[in-house]
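File shown: model.txt (compact mmCIF, C-alpha atoms).
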# COMPACT_ATOMS: atom_id res chain seq x y z
CA MET A 5 59.76 -99.17 68.11
CA LYS A 6 59.39 -99.15 71.87
CA THR A 7 56.71 -96.74 73.12
CA ASN A 8 55.75 -95.26 76.48
CA HIS A 9 59.31 -94.53 77.46
CA ILE A 10 61.77 -91.63 77.67
CA ILE A 11 64.93 -91.56 75.57
CA THR A 12 67.76 -89.62 77.18
CA GLY A 13 69.74 -87.79 74.53
CA ASP A 14 70.07 -84.88 72.13
CA ALA A 15 67.10 -84.65 69.76
CA CYS A 16 69.43 -84.15 66.78
CA HIS A 17 71.09 -87.50 67.59
CA VAL A 18 68.04 -89.46 68.78
CA LEU A 19 65.43 -88.52 66.16
CA PRO A 20 67.41 -89.91 63.18
CA GLU A 21 67.31 -93.34 64.87
CA LEU A 22 63.49 -93.46 64.91
CA PRO A 23 61.47 -95.00 62.04
CA ASP A 24 59.77 -93.02 59.26
CA ALA A 25 56.13 -91.97 59.68
CA ALA A 26 55.91 -93.45 63.17
CA PHE A 27 53.92 -90.69 64.90
CA GLN A 28 50.41 -89.33 64.49
CA ALA A 29 51.27 -86.13 66.34
CA ILE A 30 54.55 -84.50 67.31
CA ILE A 31 54.80 -81.82 69.98
CA ALA A 32 57.96 -79.76 70.38
CA ASP A 33 58.65 -77.10 72.98
CA PRO A 34 62.30 -76.38 72.14
CA PRO A 35 64.64 -73.76 73.61
CA TYR A 36 63.43 -70.32 72.49
CA TYR A 37 66.86 -68.71 71.94
CA ASN A 38 67.79 -65.91 74.35
CA VAL A 39 64.32 -65.55 75.84
CA LEU A 40 64.93 -67.35 79.15
CA THR A 41 68.31 -65.70 79.55
CA GLY A 42 68.91 -67.25 82.96
CA GLU A 43 68.92 -70.76 81.49
CA ALA A 44 72.10 -72.06 79.82
CA TRP A 45 70.07 -74.24 77.44
CA ASP A 46 68.37 -71.15 76.02
CA THR A 47 71.56 -69.17 75.44
CA GLN A 48 73.89 -71.83 74.04
CA TRP A 49 74.01 -70.65 70.41
CA PRO A 50 76.61 -68.08 69.30
CA SER A 51 74.24 -66.43 66.83
CA GLU A 52 70.68 -66.34 65.57
CA GLU A 53 71.77 -68.11 62.38
CA ALA A 54 73.31 -70.95 64.40
CA TYR A 55 70.02 -71.41 66.25
CA LEU A 56 68.02 -71.41 63.00
CA THR A 57 70.35 -74.00 61.48
CA TRP A 58 69.98 -76.22 64.54
CA SER A 59 66.19 -75.80 64.50
CA LEU A 60 65.90 -76.79 60.83
CA GLN A 61 67.94 -79.91 61.56
CA TRP A 62 65.64 -81.34 64.20
CA VAL A 63 62.42 -80.15 62.56
CA ARG A 64 63.35 -81.93 59.33
CA GLU A 65 63.72 -85.12 61.33
CA CYS A 66 60.36 -84.55 63.03
CA MET A 67 58.65 -84.11 59.67
CA ARG A 68 60.20 -87.38 58.47
CA LEU A 69 58.75 -89.08 61.54
CA LEU A 70 55.25 -87.64 61.06
CA LYS A 71 52.49 -89.70 59.45
CA ASP A 72 50.94 -88.40 56.23
CA ASP A 73 47.79 -87.32 58.05
CA GLY A 74 49.58 -86.16 61.21
CA LEU A 75 50.24 -82.75 62.73
CA PHE A 76 53.44 -81.21 64.08
CA PHE A 77 53.11 -78.59 66.84
CA CYS A 78 56.06 -76.30 67.61
CA PHE A 79 55.97 -73.83 70.49
CA GLY A 80 57.69 -70.48 70.14
CA GLN A 81 57.98 -67.29 72.14
CA LEU A 82 59.31 -63.82 71.54
CA GLY A 83 61.61 -62.15 74.03
CA LYS A 84 61.59 -58.48 74.95
CA ARG A 85 63.50 -57.59 71.81
CA GLU A 86 64.17 -61.10 70.52
CA HIS A 87 62.10 -62.20 67.52
CA VAL A 88 63.95 -65.19 66.10
CA PHE A 89 60.81 -67.35 66.16
CA ILE A 90 59.32 -65.15 63.45
CA HIS A 91 62.31 -65.98 61.23
CA LEU A 92 62.06 -69.65 62.13
CA MET A 93 58.37 -69.78 61.21
CA SER A 94 59.14 -68.17 57.85
CA ARG A 95 61.82 -70.73 57.04
CA LEU A 96 59.73 -73.67 58.16
CA CYS A 97 56.69 -72.56 56.19
CA ALA A 98 58.85 -72.15 53.08
CA GLU A 99 60.00 -75.76 53.40
CA PHE A 100 56.95 -77.52 54.83
CA GLN A 101 53.17 -77.25 54.62
CA PHE A 102 51.70 -74.59 56.92
CA HIS A 103 48.55 -75.79 58.67
CA ASP A 104 47.78 -73.24 61.40
CA LEU A 105 49.20 -70.77 63.87
CA VAL A 106 47.71 -71.29 67.30
CA ILE A 107 47.97 -68.59 69.95
CA TRP A 108 48.22 -69.75 73.54
CA ASP A 109 46.66 -67.01 75.65
CA ARG A 110 48.29 -67.49 79.03
CA ALA A 111 45.39 -65.56 80.64
CA VAL A 112 47.79 -63.36 82.62
CA GLY A 113 50.74 -61.29 81.49
CA TYR A 114 54.34 -61.74 82.55
CA ASN A 115 57.55 -59.67 82.51
CA GLU A 116 55.88 -56.29 82.95
CA ARG A 117 57.37 -53.73 80.56
CA ARG A 118 57.72 -49.99 80.73
CA ASP A 119 57.86 -49.27 77.01
CA SER A 120 55.53 -51.82 75.37
CA PHE A 121 52.51 -54.04 75.93
CA THR A 122 52.81 -56.74 78.59
CA PRO A 123 53.22 -60.09 76.77
CA ALA A 124 50.55 -62.66 77.54
CA TYR A 125 50.81 -65.26 74.78
CA GLU A 126 52.99 -67.84 73.10
CA MET A 127 52.69 -69.22 69.58
CA ILE A 128 52.29 -72.78 68.34
CA LEU A 129 53.18 -73.25 64.69
CA VAL A 130 51.32 -76.23 63.19
CA LEU A 131 52.74 -78.02 60.14
CA ARG A 132 51.51 -80.99 58.12
CA GLN A 133 52.91 -83.35 55.51
CA SER A 134 50.36 -83.19 52.72
CA GLN A 135 49.45 -80.24 50.53
CA GLY A 136 45.75 -80.89 51.03
CA GLY A 137 44.66 -80.01 54.54
CA ASP A 138 41.53 -82.14 54.16
CA ARG A 139 43.71 -85.26 54.52
CA VAL A 140 44.85 -84.32 58.02
CA LYS A 141 43.38 -86.04 61.04
CA PHE A 142 41.76 -83.21 62.98
CA ILE A 143 39.09 -84.14 65.52
CA LYS A 144 37.17 -80.91 65.93
CA ASP A 145 34.51 -82.33 68.26
CA ALA A 146 37.16 -83.39 70.78
CA VAL A 147 38.08 -79.82 71.67
CA ARG A 148 34.74 -78.09 71.92
CA VAL A 149 34.38 -75.35 74.53
CA PRO A 150 31.33 -75.73 76.81
CA TYR A 151 28.65 -73.05 76.89
CA ASP A 152 27.29 -72.04 80.27
CA GLU A 153 23.62 -72.74 80.96
CA GLN A 154 22.67 -69.06 80.71
CA THR A 155 24.16 -68.83 77.21
CA ILE A 156 22.44 -72.04 76.12
CA ALA A 157 19.09 -70.72 77.34
CA ALA A 158 19.59 -67.44 75.47
CA TYR A 159 20.53 -69.16 72.21
CA LEU A 160 17.53 -71.49 72.40
CA LYS A 161 15.26 -68.45 72.31
CA ASP A 162 16.58 -67.49 68.87
CA PRO A 163 13.56 -67.88 66.53
CA ARG A 164 15.78 -68.69 63.54
CA TYR A 165 16.30 -72.24 64.82
CA LYS A 166 13.21 -74.34 64.14
CA ASN A 167 14.58 -77.68 65.32
CA LYS A 168 15.00 -76.89 69.00
CA ALA A 169 16.07 -80.42 69.94
CA ALA A 170 18.92 -80.45 67.42
CA ARG A 171 19.93 -76.96 68.45
CA HIS A 172 19.96 -77.92 72.12
CA GLN A 173 22.11 -80.97 71.35
CA HIS A 174 24.60 -78.79 69.48
CA LEU A 175 24.74 -76.23 72.29
CA GLN A 176 25.24 -78.90 74.93
CA ALA A 177 28.24 -80.17 72.95
CA GLY A 178 29.82 -76.71 73.13
CA LYS A 179 31.23 -74.33 70.56
CA TYR A 180 34.11 -75.24 68.29
CA ALA A 181 37.47 -74.09 69.62
CA THR A 182 39.26 -71.30 67.79
CA ASN A 183 43.00 -71.08 67.23
CA LEU A 184 43.18 -68.80 70.26
CA LEU A 185 43.47 -71.18 73.22
CA ARG A 186 42.98 -69.53 76.58
CA VAL A 187 44.59 -71.70 79.26
CA PRO A 188 46.04 -70.14 82.43
CA SER A 189 49.81 -70.53 82.74
CA LEU A 190 51.24 -72.40 85.71
CA LYS A 191 52.12 -70.35 88.73
CA GLY A 192 54.64 -71.22 91.42
CA ALA A 193 51.95 -72.42 93.82
CA SER A 194 50.33 -74.72 91.25
CA LYS A 195 50.23 -78.38 92.31
CA GLU A 196 50.96 -79.27 88.69
CA LYS A 197 54.25 -77.38 88.58
CA CYS A 198 57.29 -79.64 88.68
CA GLY A 199 60.14 -77.13 88.58
CA HIS A 200 60.80 -76.77 84.87
CA PRO A 201 61.04 -73.04 83.96
CA SER A 202 58.94 -73.33 80.79
CA GLN A 203 56.52 -76.11 81.81
CA LYS A 204 53.27 -76.04 79.83
CA PRO A 205 49.88 -76.69 81.45
CA ALA A 206 48.49 -80.18 80.98
CA ALA A 207 45.18 -78.64 79.88
CA LEU A 208 46.92 -77.00 76.93
CA ILE A 209 48.79 -80.13 75.82
CA GLU A 210 45.57 -82.10 76.22
CA LYS A 211 43.87 -79.94 73.58
CA LEU A 212 46.70 -80.55 71.11
CA ILE A 213 46.62 -84.31 71.64
CA LEU A 214 42.83 -84.60 71.58
CA CYS A 215 42.44 -82.66 68.34
CA SER A 216 45.11 -84.62 66.45
CA THR A 217 44.99 -88.22 67.69
CA ASP A 218 42.69 -91.10 68.55
CA VAL A 219 43.08 -93.58 71.40
CA GLY A 220 46.01 -95.85 70.58
CA ASP A 221 47.80 -93.36 68.32
CA THR A 222 51.44 -92.53 69.09
CA VAL A 223 52.66 -89.07 70.12
CA LEU A 224 56.27 -87.85 70.12
CA ASP A 225 57.63 -85.05 72.26
CA ALA A 226 61.07 -84.05 70.99
CA PHE A 227 61.87 -81.91 74.06
CA LEU A 228 60.02 -83.66 76.86
CA GLY A 229 61.15 -81.47 79.75
CA SER A 230 59.16 -82.29 82.89
CA GLY A 231 57.05 -84.89 81.06
CA THR A 232 53.74 -83.12 80.52
CA THR A 233 53.14 -84.61 77.06
CA ALA A 234 53.90 -88.12 78.34
CA ALA A 235 51.58 -87.72 81.33
CA VAL A 236 48.71 -86.37 79.22
CA ALA A 237 49.16 -88.98 76.48
CA GLN A 238 49.22 -91.78 79.06
CA THR A 239 46.06 -90.47 80.70
CA LEU A 240 44.26 -90.20 77.34
CA GLY A 241 45.18 -93.71 76.23
CA ARG A 242 47.75 -92.72 73.61
CA GLN A 243 51.14 -94.27 73.07
CA TRP A 244 54.06 -91.88 73.49
CA VAL A 245 57.80 -91.40 73.15
CA GLY A 246 59.72 -88.59 74.83
CA VAL A 247 63.21 -87.29 74.06
CA GLU A 248 65.07 -85.18 76.62
CA VAL A 249 68.76 -84.29 76.81
CA ASN A 250 68.89 -82.97 80.39
CA PRO A 251 69.27 -85.81 82.95
CA HIS A 252 67.67 -83.65 85.65
CA TYR A 253 64.53 -83.20 83.59
CA VAL A 254 64.54 -86.88 82.64
CA GLU A 255 64.49 -87.79 86.32
CA MET A 256 61.73 -85.24 86.89
CA ALA A 257 59.64 -86.75 84.11
CA ASN A 258 60.28 -90.32 85.24
CA GLN A 259 59.16 -89.51 88.78
CA ARG A 260 56.07 -87.83 87.39
CA MET A 261 55.19 -90.86 85.28
CA ALA A 262 55.84 -93.25 88.15
CA GLY A 263 53.42 -91.28 90.31
CA LEU A 264 50.83 -91.29 87.52
CA LEU A 265 51.05 -95.04 87.01
CA GLN A 266 50.56 -95.64 90.74
CA MET A 267 47.28 -93.72 90.78

Output the file's structure in the form of structure tokens.
Amino acid sequence: MKTNHIITGDACHVLPELPDAAFQAIIADPPYYNVLTGEAWDTQWPSEEAYLTWSLQWVRECMRLLKDDGLFFCFGQLGKREHVFIHLMSRLCAEFQFHDLVIWDRAVGYNERRDSFTPAYEMILVLRQSQGGDRVKFIKDAVRVPYDEQTIAAYLKDPRYKNKAARHQHLQAGKYATNLLRVPSLKGASKEKCGHPSQKPAALIEKLILCSTDVGDTVLDAFLGSGTTAAVAQTLGRQWVGVEVNPHYVEMANQRMAGLLQM
């Protein structure tokens, strides 16, 4: 299987051509279904049931492609009154092994609402192959969150810790990340922004790749978009494969990768 390249095509047609258990981690940021109503690719299904049927088709292929100790990450978002991702999560968890539900805290709200709370998060459903979660490759130390020096100094004063050197080493490494990941969303003026309407921050994708793969492992992105997963994987020394149906986004991602490789 060729790695470090983008396959132009529909995920439902491309994924069946890839070999079993080829990927350590799979990241998918698919169309949400009637959330980004200004985008034709998010409003192409005639009904919620049609979208759910389509989603099960490509997710089943992704799970076939996932290694036994790998993790599958699927982004989802609720619209103002659209909640199909809740139904999708229910169906997926009934068919596959639930591992976690990660909340991406975008740090700032969007789409201010008169009659409800301003939304400020997206969800990432995490699935695995095996029934035993202890078999999954999860590298907890790779996604620690640094403490500031003031916090470290305060914790070191705690008399309960007798081995100050060991405690200091632990604090310097940072605290273990929770399944609430606070990463600011990309704004229009961001140098990172490429023009894709649902582009995810590299810092967020980096956390997913770091926690689930080692250097040399292979990552699949089933809906590559502007190429963030490819760029992060390349930077971190992982192999990668991206699938994207929209030629405009493929060109966007290719230009992004070309610029990265020239650095």

Close residues, range 105-120 of chain A itself excluded, 9 Å, all atoms listed in the file, min 5 positions apart in chain, as an NGL selection string:
:A and (84 or 125-131 or 182-190 or 208)

Deliver the residues from the most recent selection as a file, using C-alpha atoms, as a PDB file, in the coordinates of the input.
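The file below, selection.pdb, is the result:
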ATOM      1  CA  LYS A  84      61.590 -58.480  74.950  1.00  0.00           C
ATOM      2  CA  TYR A 125      50.810 -65.260  74.780  1.00  0.00           C
ATOM      3  CA  GLU A 126      52.990 -67.840  73.100  1.00  0.00           C
ATOM      4  CA  MET A 127      52.690 -69.220  69.580  1.00  0.00           C
ATOM      5  CA  ILE A 128      52.290 -72.780  68.340  1.00  0.00           C
ATOM      6  CA  LEU A 129      53.180 -73.250  64.690  1.00  0.00           C
ATOM      7  CA  VAL A 130      51.320 -76.230  63.190  1.00  0.00           C
ATOM      8  CA  LEU A 131      52.740 -78.020  60.140  1.00  0.00           C
ATOM      9  CA  THR A 182      39.260 -71.300  67.790  1.00  0.00           C
ATOM     10  CA  ASN A 183      43.000 -71.080  67.230  1.00  0.00           C
ATOM     11  CA  LEU A 184      43.180 -68.800  70.260  1.00  0.00           C
ATOM     12  CA  LEU A 185      43.470 -71.180  73.220  1.00  0.00           C
ATOM     13  CA  ARG A 186      42.980 -69.530  76.580  1.00  0.00           C
ATOM     14  CA  VAL A 187      44.590 -71.700  79.260  1.00  0.00           C
ATOM     15  CA  PRO A 188      46.040 -70.140  82.430  1.00  0.00           C
ATOM     16  CA  SER A 189      49.810 -70.530  82.740  1.00  0.00           C
ATOM     17  CA  LEU A 190      51.240 -72.400  85.710  1.00  0.00           C
ATOM     18  CA  LEU A 208      46.920 -77.000  76.930  1.00  0.00           C
TER      19      LEU A 208
END

Considering all atoms listed in the file, return as a JSON list (two decimals) with C-alpha atoms, keeping the file's coordinate frame whatever protein or nucleic-acid residues lie within 10 Å of Tyr36 in chain A, sequence-local ones (same chain, fewer than 6 positions apart) excluded.
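Result file is out_17.json:
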[["chain", "number", "residue", "atom", "x", "y", "z"],
["A", 45, "TRP", "CA", 70.07, -74.24, 77.44],
["A", 46, "ASP", "CA", 68.37, -71.15, 76.02],
["A", 47, "THR", "CA", 71.56, -69.17, 75.44],
["A", 55, "TYR", "CA", 70.02, -71.41, 66.25],
["A", 79, "PHE", "CA", 55.97, -73.83, 70.49],
["A", 80, "GLY", "CA", 57.69, -70.48, 70.14],
["A", 81, "GLN", "CA", 57.98, -67.29, 72.14],
["A", 82, "LEU", "CA", 59.31, -63.82, 71.54],
["A", 83, "GLY", "CA", 61.61, -62.15, 74.03],
["A", 86, "GLU", "CA", 64.17, -61.10, 70.52],
["A", 87, "HIS", "CA", 62.10, -62.20, 67.52],
["A", 88, "VAL", "CA", 63.95, -65.19, 66.10],
["A", 89, "PHE", "CA", 60.81, -67.35, 66.16],
["A", 202, "SER", "CA", 58.94, -73.33, 80.79]]

I want to know what sits within 10 Å of Phe102 in chain A, based on all atoms listed in the file, with residues of the same chain fewer than 3 positions away left out; could you give that as a PyMOL selection string?
chain A and resi 76+93-94+96-99+105+129-135+137

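You can rank A:Gly136, A:Gly263, A:Gly74, A:Gly178 by their closest distance to Phe27 in chain A using only C-alpha atoms, and at the top of that list sits A:Gly74.
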
Using only C-alpha atoms, find the one residue out of A:Ala181, A:Ile30, A:Val63, A:Ala262 that sits nearest to Val223 in chain A.
A:Ile30

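Candidate residues A:Thr155, A:Arg85, A:Leu69, A:Lys197 were compared for distance to Ile31 in chain A, and the nearest is A:Leu69, using all atoms listed in the file.
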
Which is closer to Leu40 in chain A than all the others in A:Pro201, A:Val149, A:Ile156, A:Ala15, using all atoms listed in the file?
A:Pro201

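The closest residue to Val140 in chain A, picked from A:Leu92, A:Cys78, A:Ala169, A:Cys215 and counting all atoms listed in the file, is A:Cys215.
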
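Taking CA of Trp244 in chain A and CA of Pro150 in chain A as endpoints, the distance between them is 28.1 Å.
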
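Nearest residue to Val245 in chain A among A:Met261, A:Lys179, A:Ile11, A:Val18 is A:Ile11, counting only C-alpha atoms.
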
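Between CA of Val236 in chain A and CA of Ala207 in chain A lies a distance of 8.5 Å.
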
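Taking CA of Gly231 in chain A and CA of Arg260 in chain A as endpoints, the distance between them is 7.0 Å.
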
12 Å contact set for Thr239 in chain A, all atoms listed in the file, chain neighbours under 4 positions out, as a VMD selection string:
chain A and resid 8 206 to 207 209 to 210 213 to 214 219 to 220 232 to 235 243 to 244 261 264 to 265 267
